[in-house]
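Notes follow once the structure below has been shown.
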Amino acid sequence: MEEKKMNYIFNTIEYCNMCGSETKGHKILGKRLNRSQGKHPENKIGITVTICKCTNCGLVYSNPQPVPVNIQDHYGTPPESYWKSDYFKFDENYFKNEIERLNKLIFIRKGMNSLDIGAGLGKQMIALSSIGFNAYGIEPSVPFYDRAISEMNIEADRLKLATVEEVEYSENFFDFISFGVVLEHLYDPSTAINRAMRWLKPGGIIHIEVPSSDWLVNKLINLYYTFKFSDYVGNLSPMHIPFHLYEFSLKSFELHEKKNYEIAFYEYYVCKTFLPSYLDFLVKPLMKRTNTGMQLCVWLRKI
Ligand SMILES: [Zn+2]
């Protein structure tokens with residue numbers, strides 16, 4: 001996959017996608033190769049883009065932004081060997097913590113409508129259906145969509161094979177919408193949030209999980225490169241798997257242009273440290289205390 005040839009158009013970014021501030025004067029973090037960099041990126045051949053951080057809202061983005069000529073290069077289909085049989089098993093605890101949190105934010109009642117953007121195999125749809133939601137979903141990848149229907153028995157009229165940019169739903173239709181690890185892959189996450197807000201009822205909740213731009217591990221990697229007088233950074237992967245185009249901070253949502261929502265709840269997930277596991281006892285509590293975990297989870301309430 002990594003060796004696949006890809007053609008890109010490079011777009012200059014003039015305004016921050018989330019807060020709308022001019023990118024002129026934003027902080028330049030460093031260069032990012034179109035492949036994994038390792039300890040000596042300066043010895044590797046490839047294309048680099050400049051990675052920047054919005055000084056207003058903390059959004060990390062690449063400038064220019066590489067857009068593949070063929071978008072399927074990025075949505076890429078996983079090979080058959082990717083599928084393991086236990087992917088198709090439904091775990092009773094799936095989305096359980098999120099449902100508990102959601103129940104604190106809106107009182108869950110039978111017959112509420114939900115939408116999972118980037119539904120994958122439809123596991124969240126199953127979890128929400130089981131507690132009485134009319135669960136809908138959107139999934140842009142053909143193999144995931146096919147298997148959600150054939151292996152997970154998702155009803156075809158509830159799941160659309162489409163991107164969030166393509167679909168349309170009625171205004172004020174949903175009580176709950178989620179973007180699970182989706183926004184960092186979109187070229188225009190701000191518009192995607194605004195579209196979803198239109199489909200959401202006032203008082204409804206959007207759940208978002210994204211990579212955090214304050215992740216401690218990236219800061220350590222960048223410090224390592226700085227000590228070596230290298231101008232490379234570890235943030236993002238705009239031209240290789242997993243194709244992350246953005247990292248977000250809480251401020252990216254607080255200062256989101258023309259927003260019609262408030263932040264109802266947020267938390268950081270520590271997840272992986274990518275450091276030797278004997279350091280976990282030290283690093284994980286530190287990340288928890290300082291809000292420098294890998295993933296940022298925000299719950300937005302439409303006003
Ligand atoms: Zn910004």
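How things are named: the first chain in the structure tokens is A, the next is B, and so on; residues count from 1 in each chain; ligands count from 1 in the order shown.
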Give me, as a PDB file with C-alpha atoms, in the first residue's frame, all polymer residues having an atom no more than 9 Å from Val69 (chain A), counting only C-alpha atoms and skipping those fewer than 4 positions away in the same chain.
ATOM      1  CA  MET A   6      -0.117   8.634  -5.990  1.00  0.00           C
ATOM      2  CA  ASN A   7      -0.587  11.919  -7.767  1.00  0.00           C
ATOM      3  CA  TYR A   8      -1.419  15.026  -5.808  1.00  0.00           C
ATOM      4  CA  ILE A   9      -2.590  18.558  -6.320  1.00  0.00           C
ATOM      5  CA  ASP A  73      -6.226   6.434  -3.349  1.00  0.00           C
TER       6      ASP A  73
END
Using only C-alpha atoms, find each residue of region 173-222 of chain A with at least one atom at most 12 Å away from an atom of region 49-60 of chain A; report its shortest atom-to-atom pair and that distance in Å (one decimal), sort the rows by chain and rising residue number, and return the result as JSON lines.
{"residue": "A:Glu184", "atom": "CA", "partner": "A:Val60", "partner_atom": "CA", "distance": 10.1}
{"residue": "A:Pro189", "atom": "CA", "partner": "A:Leu59", "partner_atom": "CA", "distance": 11.2}
{"residue": "A:Ser190", "atom": "CA", "partner": "A:Leu59", "partner_atom": "CA", "distance": 11.4}
{"residue": "A:Val210", "atom": "CA", "partner": "A:Leu59", "partner_atom": "CA", "distance": 11.3}
{"residue": "A:Pro211", "atom": "CA", "partner": "A:Val60", "partner_atom": "CA", "distance": 10.0}
{"residue": "A:Ser212", "atom": "CA", "partner": "A:Leu59", "partner_atom": "CA", "distance": 8.9}
{"residue": "A:Ser213", "atom": "CA", "partner": "A:Val60", "partner_atom": "CA", "distance": 6.2}
{"residue": "A:Asp214", "atom": "CA", "partner": "A:Gly58", "partner_atom": "CA", "distance": 8.4}
{"residue": "A:Trp215", "atom": "CA", "partner": "A:Val60", "partner_atom": "CA", "distance": 11.4}
{"residue": "A:Asn218", "atom": "CA", "partner": "A:Val60", "partner_atom": "CA", "distance": 11.7}
{"residue": "A:Asn222", "atom": "CA", "partner": "A:Ile51", "partner_atom": "CA", "distance": 11.8}
Legend entry - Shortest interatomic distance to Lys251 (chain A) - which of A:Leu296, A:Phe173, A:Leu102, A:Gly234, counting only C-alpha atoms: A:Leu296
Pick out the residues sitting within 9 Å of Ile193 (chain A), and hand them over as a PDB file with N, CA and C atoms, in the first residue's frame; count only C-alpha atoms, and ignore anything fewer than 3 positions along from it in its own chain.
ATOM      1  N   PHE A 179     -19.224  11.454  14.800  1.00  0.00           N
ATOM      2  CA  PHE A 179     -18.096  11.400  13.878  1.00  0.00           C
ATOM      3  C   PHE A 179     -16.983  10.649  14.611  1.00  0.00           C
ATOM      4  N   LEU A 183     -13.203  13.156  11.113  1.00  0.00           N
ATOM      5  CA  LEU A 183     -12.911  14.549  10.729  1.00  0.00           C
ATOM      6  C   LEU A 183     -11.462  14.771  10.308  1.00  0.00           C
ATOM      7  N   PRO A 189     -13.221  19.777   7.377  1.00  0.00           N
ATOM      8  CA  PRO A 189     -13.993  19.301   8.535  1.00  0.00           C
ATOM      9  C   PRO A 189     -15.004  20.324   9.035  1.00  0.00           C
ATOM     10  N   SER A 190     -14.673  21.609   8.910  1.00  0.00           N
ATOM     11  CA  SER A 190     -15.571  22.650   9.401  1.00  0.00           C
ATOM     12  C   SER A 190     -16.935  22.571   8.728  1.00  0.00           C
ATOM     13  N   ALA A 196     -23.723  18.579   9.465  1.00  0.00           N
ATOM     14  CA  ALA A 196     -24.324  17.681  10.455  1.00  0.00           C
ATOM     15  C   ALA A 196     -25.183  18.465  11.452  1.00  0.00           C
ATOM     16  N   MET A 197     -24.723  19.664  11.825  1.00  0.00           N
ATOM     17  CA  MET A 197     -25.496  20.502  12.765  1.00  0.00           C
ATOM     18  C   MET A 197     -26.869  20.846  12.182  1.00  0.00           C
ATOM     19  N   ARG A 198     -26.916  21.008  10.865  1.00  0.00           N
ATOM     20  CA  ARG A 198     -28.187  21.323  10.218  1.00  0.00           C
ATOM     21  C   ARG A 198     -29.168  20.158  10.350  1.00  0.00           C
ATOM     22  N   ILE A 206     -23.783  16.153  19.114  1.00  0.00           N
ATOM     23  CA  ILE A 206     -22.817  15.552  18.178  1.00  0.00           C
ATOM     24  C   ILE A 206     -21.600  15.086  18.976  1.00  0.00           C
TER      25      ILE A 206
END
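With distances taken over only C-alpha atoms and all ligand atoms, A:Ser252 is the one residue among A:Asn11, A:Ser252, A:Ser150, A:Asn172 lying closest to ligand 1.
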Inset, instruction - For CA of Ser114 (chain A) and CA of Gly137 (chain A), quote the distance in Å rounded to one decimal. - result: 8.0 Å
Legend entry - Among the residues A:Leu200, A:Ser277, A:Asp231, A:Leu216, the one that comes closest to Thr290 (chain A) [using only C-alpha atoms]: A:Leu216
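Going from CA of Leu275 (chain A) to CA of Leu250 (chain A) covers 24.8 Å.
The smallest atom-to-atom distance between ligand 1 and any of A:Arg301, A:Lys104, A:Lys5, A:Lys24, using only C-alpha atoms and all ligand atoms, is found for A:Lys24.
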Please report as a Markdown table every residue of region 67-170 of chain A lying within 9 Å of region 237-242 of chain A, along with the nearest atom pair and their distance in Å (one decimal), using only C-alpha atoms.
| residue | atom | partner | partner_atom | distance |
| --- | --- | --- | --- | --- |
| A:Val67 | CA | A:Met239 | CA | 8.6 |
| A:Pro68 | CA | A:Met239 | CA | 8.4 |
| A:His74 | CA | A:Ile241 | CA | 8.1 |
Could those selected residues go to a file with N, CA and C atoms, as a PDB file, in the first residue's frame?
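The resulting result_37.pdb:
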ATOM      1  N   VAL A  67      -3.908  17.071  -2.084  1.00  0.00           N
ATOM      2  CA  VAL A  67      -5.197  16.423  -2.369  1.00  0.00           C
ATOM      3  C   VAL A  67      -4.963  15.416  -3.483  1.00  0.00           C
ATOM      4  N   PRO A  68      -5.258  14.126  -3.251  1.00  0.00           N
ATOM      5  CA  PRO A  68      -5.004  13.130  -4.301  1.00  0.00           C
ATOM      6  C   PRO A  68      -5.887  13.376  -5.521  1.00  0.00           C
ATOM      7  N   HIS A  74      -6.948   7.480  -1.284  1.00  0.00           N
ATOM      8  CA  HIS A  74      -6.951   7.648   0.166  1.00  0.00           C
ATOM      9  C   HIS A  74      -8.020   6.817   0.851  1.00  0.00           C
TER      10      HIS A  74
END
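Going from CA of Asn134 (chain A) to CA of Asn113 (chain A) covers 4.8 Å.
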Inset, instruction - Mind checking which residues fall within 12 Å of region 153-168 of chain A, counting only C-alpha atoms, ignoring those fewer than 5 positions away in the same chain, and posting them as an MDAnalysis selection string? - result: chainID A and resid 71:72 75 88:90 113:127 129 133:148 173 177:179 182:183 185:196 198:199
Legend entry - region 78-129 of chain A: residues DSSP assigns to helix (DSSP H, G or I), reported as a ChimeraX atom specification: /A:80-82,85-88,96-105,123-129
